[in-house]
Amino acid sequence: MEKKFVTVNVSNRHIHLSREHVEMLFGAGYKLTSKKVLMQPIQFAANETVDVSGPKGTLENVRIVGPERIQTQVEITVAEARKIGVEAFVRLSGNLKGSAGATLKGPKGSVKLNEGCIVAKRHVHFTEKDASEMNLKTGDAVSVKVSGERALVFENAVIRVDKNNAELECHLDIEEANAALIKNGDRAEIIK
């Protein structure tokens, strides 16, 4: 089989907000505004930020990623979780049951989350065509091989197939990327 390469983008700490929480943090009827369009269709880094606090500290100016979601989700690194004193487990996006809580503070109010704070599991967004070519489906895992001075193989990158025109893209968190000297837009090989 021909080698398959993927664009790697680094995921810094960020938060996805529900409509209810946007209004609680920014005011009734507030709409998030786009600072930068992201690689996946309709996703954007918002101009807006919030502070995220745990029992030991606060992460200031955590960027919101839009559009709004059904449930609020905070994605931080292991080191950031320790800094604010929460036990954030490595989870796939959306798997929030039993996850750590945190307090969010915006310009118009605050929200106490009982759960929703995770360390995002590495994953690869696939188009249906690319997944079909590699005989992969959502939930399968692959390895992602990065070359260079600090070459690494990241195992257990979960496949996410999007029926709505996804772009082939691997998401690693900032700690993983730093370990391999990866920057946004670098290429990596997918190993089945």
# chains A, B, ... in the order shown; residues from 1 in each chain; ligands from 1
call {"tool": "residues_around", "arguments": {"residues": "A:Val6", "least_positions_apart": "6", "cutoff": "9 Å", "atoms": "only C-alpha atoms", "output": "JSON, numbers by chain"}}
result
{"A": [124, 144, 168, 169, 170, 186, 187, 188, 189, 190]}
call {"tool": "select_by_dssp", "arguments": {"residues": "stretch 1-169 of chain A", "states": "strand (DSSP E)", "output": "compact mmCIF listing (two decimals) with N, CA, C and O atoms, in the first residue's frame"}}
result
# COMPACT_ATOMS: atom_id res chain seq x y z
N LYS A 4 0.65 6.92 3.39
CA LYS A 4 -0.37 7.95 3.56
C LYS A 4 0.16 8.97 4.57
O LYS A 4 0.59 8.61 5.66
N PHE A 5 0.15 10.25 4.17
CA PHE A 5 0.64 11.31 5.03
C PHE A 5 -0.51 12.20 5.47
O PHE A 5 -1.52 12.33 4.79
N VAL A 6 -0.33 12.82 6.63
CA VAL A 6 -1.36 13.66 7.22
C VAL A 6 -0.73 14.95 7.72
O VAL A 6 0.43 14.95 8.16
N THR A 7 -1.48 16.04 7.62
CA THR A 7 -1.06 17.31 8.22
C THR A 7 -1.28 17.23 9.72
O THR A 7 -2.33 16.78 10.17
N VAL A 8 -0.28 17.65 10.48
CA VAL A 8 -0.40 17.65 11.94
C VAL A 8 -0.63 19.08 12.40
O VAL A 8 0.06 20.01 11.97
N ASN A 9 -1.63 19.26 13.24
CA ASN A 9 -1.86 20.56 13.86
C ASN A 9 -1.88 20.39 15.37
O ASN A 9 -2.37 19.39 15.89
N VAL A 10 -1.31 21.37 16.03
CA VAL A 10 -1.11 21.31 17.47
C VAL A 10 -2.28 21.98 18.16
O VAL A 10 -2.67 23.10 17.84
N SER A 11 -2.83 21.26 19.14
CA SER A 11 -3.99 21.76 19.87
C SER A 11 -3.55 22.33 21.21
O SER A 11 -3.14 21.61 22.10
N HIS A 14 -7.95 24.90 25.06
CA HIS A 14 -9.10 25.63 24.52
C HIS A 14 -10.38 25.10 25.14
O HIS A 14 -10.36 24.11 25.87
N ILE A 15 -11.47 25.75 24.81
CA ILE A 15 -12.76 25.36 25.36
C ILE A 15 -13.83 25.44 24.28
O ILE A 15 -13.79 26.32 23.42
N HIS A 16 -14.74 24.50 24.32
CA HIS A 16 -15.94 24.51 23.48
C HIS A 16 -17.10 24.83 24.40
O HIS A 16 -17.23 24.23 25.47
N SER A 34 -15.19 35.13 15.01
CA SER A 34 -14.05 34.36 14.51
C SER A 34 -12.78 35.19 14.45
O SER A 34 -12.75 36.28 13.87
N LYS A 35 -11.72 34.66 15.05
CA LYS A 35 -10.38 35.25 14.96
C LYS A 35 -9.61 34.58 13.83
O LYS A 35 -8.89 35.21 13.08
N LYS A 36 -9.79 33.23 13.71
CA LYS A 36 -9.05 32.46 12.71
C LYS A 36 -9.85 31.22 12.35
O LYS A 36 -10.31 30.49 13.23
N VAL A 37 -9.97 30.96 11.06
CA VAL A 37 -10.63 29.75 10.58
C VAL A 37 -9.67 28.57 10.76
O VAL A 37 -8.48 28.69 10.47
N PHE A 44 -13.61 27.38 14.12
CA PHE A 44 -12.81 28.60 14.17
C PHE A 44 -12.32 28.85 15.59
O PHE A 44 -12.96 28.45 16.57
N ALA A 45 -11.16 29.49 15.68
CA ALA A 45 -10.69 30.01 16.96
C ALA A 45 -11.38 31.35 17.14
O ALA A 45 -11.32 32.22 16.27
N ALA A 46 -12.07 31.52 18.26
CA ALA A 46 -12.84 32.73 18.51
C ALA A 46 -11.94 33.83 19.07
O ALA A 46 -10.87 33.57 19.63
N ASN A 47 -12.38 35.05 18.92
CA ASN A 47 -11.71 36.18 19.57
C ASN A 47 -11.86 36.10 21.08
O ASN A 47 -11.01 36.56 21.82
N GLU A 48 -12.95 35.49 21.53
CA GLU A 48 -13.28 35.45 22.95
C GLU A 48 -12.47 34.41 23.72
O GLU A 48 -12.14 33.35 23.18
N THR A 49 -12.18 34.73 24.97
CA THR A 49 -11.51 33.81 25.88
C THR A 49 -12.22 33.83 27.22
O THR A 49 -12.99 34.74 27.52
N VAL A 50 -11.95 32.79 28.03
CA VAL A 50 -12.47 32.73 29.40
C VAL A 50 -11.33 32.27 30.31
O VAL A 50 -10.34 31.73 29.84
N ASP A 51 -11.50 32.47 31.60
CA ASP A 51 -10.56 31.93 32.58
C ASP A 51 -11.13 30.62 33.11
O ASP A 51 -12.34 30.50 33.31
N VAL A 52 -10.25 29.63 33.31
CA VAL A 52 -10.65 28.31 33.81
C VAL A 52 -9.92 28.08 35.14
O VAL A 52 -8.69 28.12 35.19
N SER A 53 -10.69 27.84 36.20
CA SER A 53 -10.11 27.68 37.54
C SER A 53 -10.43 26.33 38.15
O SER A 53 -11.51 25.78 37.93
N THR A 58 -5.59 29.12 38.34
CA THR A 58 -6.39 29.56 37.20
C THR A 58 -5.57 29.60 35.92
O THR A 58 -4.41 30.03 35.94
N LEU A 59 -6.17 29.17 34.82
CA LEU A 59 -5.61 29.34 33.48
C LEU A 59 -6.34 30.53 32.88
O LEU A 59 -7.56 30.48 32.69
N GLU A 60 -5.62 31.60 32.61
CA GLU A 60 -6.26 32.81 32.09
C GLU A 60 -6.32 32.78 30.57
O GLU A 60 -5.45 32.21 29.91
N ASN A 61 -7.33 33.45 30.03
CA ASN A 61 -7.46 33.66 28.59
C ASN A 61 -7.42 32.36 27.78
O ASN A 61 -6.67 32.23 26.82
N VAL A 62 -8.24 31.40 28.17
CA VAL A 62 -8.35 30.14 27.43
C VAL A 62 -9.25 30.40 26.22
O VAL A 62 -10.39 30.83 26.35
N ARG A 63 -8.70 30.16 25.03
CA ARG A 63 -9.38 30.46 23.76
C ARG A 63 -10.61 29.58 23.58
O ARG A 63 -10.58 28.38 23.83
N ILE A 64 -11.68 30.17 23.11
CA ILE A 64 -12.89 29.42 22.76
C ILE A 64 -12.76 28.98 21.31
O ILE A 64 -12.31 29.74 20.45
N VAL A 65 -13.15 27.73 21.03
CA VAL A 65 -13.21 27.22 19.66
C VAL A 65 -14.68 27.05 19.31
O VAL A 65 -15.43 26.39 20.03
N GLY A 66 -15.09 27.68 18.22
CA GLY A 66 -16.48 27.60 17.77
C GLY A 66 -16.62 26.65 16.61
O GLY A 66 -15.63 26.13 16.10
N GLN A 73 -16.97 21.79 26.94
CA GLN A 73 -15.82 20.90 27.12
C GLN A 73 -14.54 21.73 27.18
O GLN A 73 -14.27 22.53 26.29
N VAL A 74 -13.75 21.53 28.24
CA VAL A 74 -12.46 22.20 28.41
C VAL A 74 -11.37 21.20 28.06
O VAL A 74 -11.36 20.09 28.59
N GLU A 75 -10.46 21.58 27.15
CA GLU A 75 -9.35 20.70 26.77
C GLU A 75 -8.04 21.36 27.20
O GLU A 75 -7.68 22.42 26.71
N VAL A 90 -7.26 11.48 30.10
CA VAL A 90 -7.16 11.47 28.64
C VAL A 90 -8.44 10.86 28.10
O VAL A 90 -8.78 9.72 28.43
N ARG A 91 -9.15 11.63 27.29
CA ARG A 91 -10.45 11.21 26.77
C ARG A 91 -10.62 11.69 25.34
O ARG A 91 -10.05 12.70 24.95
N ALA A 100 -13.35 15.68 35.09
CA ALA A 100 -13.14 16.72 36.11
C ALA A 100 -14.02 17.94 35.88
O ALA A 100 -14.38 18.24 34.75
N GLY A 101 -14.31 18.63 36.95
CA GLY A 101 -15.04 19.88 36.87
C GLY A 101 -14.08 21.06 36.91
O GLY A 101 -12.88 20.89 37.13
N ALA A 102 -14.61 22.25 36.69
CA ALA A 102 -13.83 23.48 36.75
C ALA A 102 -14.81 24.65 36.80
O ALA A 102 -16.00 24.48 36.56
N THR A 103 -14.29 25.82 37.11
CA THR A 103 -15.10 27.04 37.09
C THR A 103 -14.64 27.92 35.95
O THR A 103 -13.43 28.15 35.79
N LEU A 104 -15.59 28.40 35.16
CA LEU A 104 -15.30 29.28 34.03
C LEU A 104 -15.71 30.70 34.40
O LEU A 104 -16.76 30.91 35.00
N LYS A 105 -14.88 31.67 34.00
CA LYS A 105 -15.21 33.06 34.27
C LYS A 105 -15.09 33.86 32.97
O LYS A 105 -14.08 33.82 32.29
N SER A 110 -20.06 33.73 35.53
CA SER A 110 -19.25 32.53 35.69
C SER A 110 -20.14 31.29 35.63
O SER A 110 -21.36 31.38 35.79
N VAL A 111 -19.50 30.15 35.38
CA VAL A 111 -20.19 28.86 35.28
C VAL A 111 -19.37 27.85 36.06
O VAL A 111 -18.16 27.75 35.88
N LYS A 112 -20.03 27.09 36.93
CA LYS A 112 -19.37 25.99 37.64
C LYS A 112 -19.72 24.70 36.92
O LYS A 112 -20.88 24.31 36.84
N LEU A 113 -18.71 24.06 36.32
CA LEU A 113 -18.90 22.78 35.64
C LEU A 113 -18.67 21.64 36.62
O LEU A 113 -17.63 21.61 37.28
N ASN A 114 -19.60 20.70 36.70
CA ASN A 114 -19.38 19.50 37.52
C ASN A 114 -18.51 18.50 36.79
O ASN A 114 -17.85 17.67 37.41
N GLU A 115 -18.53 18.55 35.47
CA GLU A 115 -17.66 17.71 34.64
C GLU A 115 -17.45 18.43 33.31
O GLU A 115 -18.14 19.39 33.00
N GLY A 116 -16.45 17.98 32.54
CA GLY A 116 -16.22 18.59 31.23
C GLY A 116 -14.78 18.95 30.95
O GLY A 116 -14.45 19.42 29.87
N CYS A 117 -13.89 18.72 31.92
CA CYS A 117 -12.48 19.08 31.76
C CYS A 117 -11.67 17.81 31.44
O CYS A 117 -11.63 16.88 32.24
N ILE A 118 -11.05 17.78 30.24
CA ILE A 118 -10.32 16.58 29.80
C ILE A 118 -8.96 16.95 29.21
O ILE A 118 -8.70 18.10 28.87
N VAL A 119 -8.10 15.93 29.08
CA VAL A 119 -6.92 16.00 28.24
C VAL A 119 -7.32 15.26 26.97
O VAL A 119 -7.67 14.08 27.02
N ALA A 120 -7.32 15.96 25.85
CA ALA A 120 -7.83 15.36 24.60
C ALA A 120 -6.92 14.25 24.10
O ALA A 120 -5.70 14.41 24.02
N HIS A 123 -5.88 12.19 17.95
CA HIS A 123 -6.81 11.64 16.98
C HIS A 123 -6.50 12.14 15.58
O HIS A 123 -5.76 13.12 15.41
N VAL A 124 -7.07 11.45 14.59
CA VAL A 124 -6.89 11.83 13.19
C VAL A 124 -8.26 11.97 12.55
O VAL A 124 -9.06 11.04 12.59
N HIS A 125 -8.53 13.14 11.99
CA HIS A 125 -9.76 13.37 11.24
C HIS A 125 -9.57 12.80 9.84
O HIS A 125 -8.58 13.12 9.18
N PHE A 126 -10.51 11.98 9.41
CA PHE A 126 -10.45 11.36 8.09
C PHE A 126 -11.67 11.75 7.27
O PHE A 126 -12.77 11.88 7.81
N THR A 127 -11.48 11.89 5.97
CA THR A 127 -12.61 11.97 5.07
C THR A 127 -13.12 10.55 4.87
O THR A 127 -12.38 9.58 5.12
N ALA A 141 -7.76 2.67 15.53
CA ALA A 141 -6.56 3.41 15.94
C ALA A 141 -5.42 3.14 14.96
O ALA A 141 -5.30 2.04 14.41
N VAL A 142 -4.62 4.17 14.75
CA VAL A 142 -3.44 4.06 13.91
C VAL A 142 -2.27 4.66 14.68
O VAL A 142 -2.44 5.29 15.72
N SER A 143 -1.07 4.48 14.12
CA SER A 143 0.11 5.17 14.63
C SER A 143 0.43 6.32 13.69
O SER A 143 0.14 6.25 12.50
N VAL A 144 1.02 7.36 14.24
CA VAL A 144 1.41 8.52 13.45
C VAL A 144 2.91 8.72 13.66
O VAL A 144 3.36 8.96 14.78
N LYS A 145 3.65 8.59 12.55
CA LYS A 145 5.12 8.65 12.62
C LYS A 145 5.62 10.02 12.18
O LYS A 145 5.34 10.46 11.07
N VAL A 146 6.38 10.65 13.07
CA VAL A 146 6.95 11.96 12.80
C VAL A 146 8.45 11.80 12.61
O VAL A 146 9.12 11.18 13.43
N LEU A 152 9.43 10.48 16.38
CA LEU A 152 8.61 9.73 17.33
C LEU A 152 7.50 9.02 16.58
O LEU A 152 7.08 9.46 15.51
N VAL A 153 7.01 7.96 17.18
CA VAL A 153 5.80 7.32 16.68
C VAL A 153 4.76 7.45 17.79
O VAL A 153 4.94 6.97 18.90
N PHE A 154 3.66 8.16 17.47
CA PHE A 154 2.56 8.30 18.41
C PHE A 154 1.56 7.18 18.12
O PHE A 154 0.97 7.13 17.05
N GLU A 155 1.42 6.28 19.08
CA GLU A 155 0.52 5.15 18.89
C GLU A 155 -0.88 5.50 19.37
O GLU A 155 -1.08 6.47 20.10
N ASN A 156 -1.83 4.67 18.97
CA ASN A 156 -3.22 4.79 19.43
C ASN A 156 -3.85 6.14 19.12
O ASN A 156 -4.55 6.72 19.96
N ALA A 157 -3.61 6.65 17.92
CA ALA A 157 -4.32 7.85 17.47
C ALA A 157 -5.67 7.37 16.92
O ALA A 157 -5.73 6.57 16.00
N VAL A 158 -6.74 7.85 17.52
CA VAL A 158 -8.08 7.37 17.19
C VAL A 158 -8.59 8.02 15.91
O VAL A 158 -8.42 9.23 15.69
N ILE A 159 -9.22 7.21 15.07
CA ILE A 159 -9.78 7.68 13.80
C ILE A 159 -11.16 8.29 14.03
O ILE A 159 -11.99 7.72 14.73
N ARG A 160 -11.37 9.45 13.41
CA ARG A 160 -12.68 10.11 13.43
C ARG A 160 -13.06 10.39 11.98
O ARG A 160 -12.45 11.25 11.35
N VAL A 161 -14.02 9.65 11.47
CA VAL A 161 -14.47 9.84 10.09
C VAL A 161 -15.65 10.79 10.11
O VAL A 161 -16.62 10.58 10.82
N ASP A 162 -15.54 11.85 9.32
CA ASP A 162 -16.59 12.86 9.26
C ASP A 162 -17.26 12.80 7.90
O ASP A 162 -16.60 12.90 6.88
N GLU A 169 -6.43 15.35 8.91
CA GLU A 169 -5.66 16.14 9.86
C GLU A 169 -5.48 15.37 11.17
O GLU A 169 -6.41 14.79 11.69
call {"tool": "select_by_dssp", "arguments": {"residues": "stretch 29-97 of chain A", "states": "alpha helix (DSSP H)", "output": "ChimeraX atom specification"}}
result
/A:78-84
call {"tool": "atom_distance", "arguments": {"atom1": "atom CA of A:Leu38", "atom2": "atom CA of A:Glu167"}}
result
10.3 Å
call {"tool": "atom_distance", "arguments": {"atom1": "atom CA of A:Ile70", "atom2": "atom CA of A:Leu17"}}
result
7.9 Å
call {"tool": "atom_distance", "arguments": {"atom1": "atom CA of A:Ala88", "atom2": "atom CA of A:Ser18"}}
result
19.7 Å
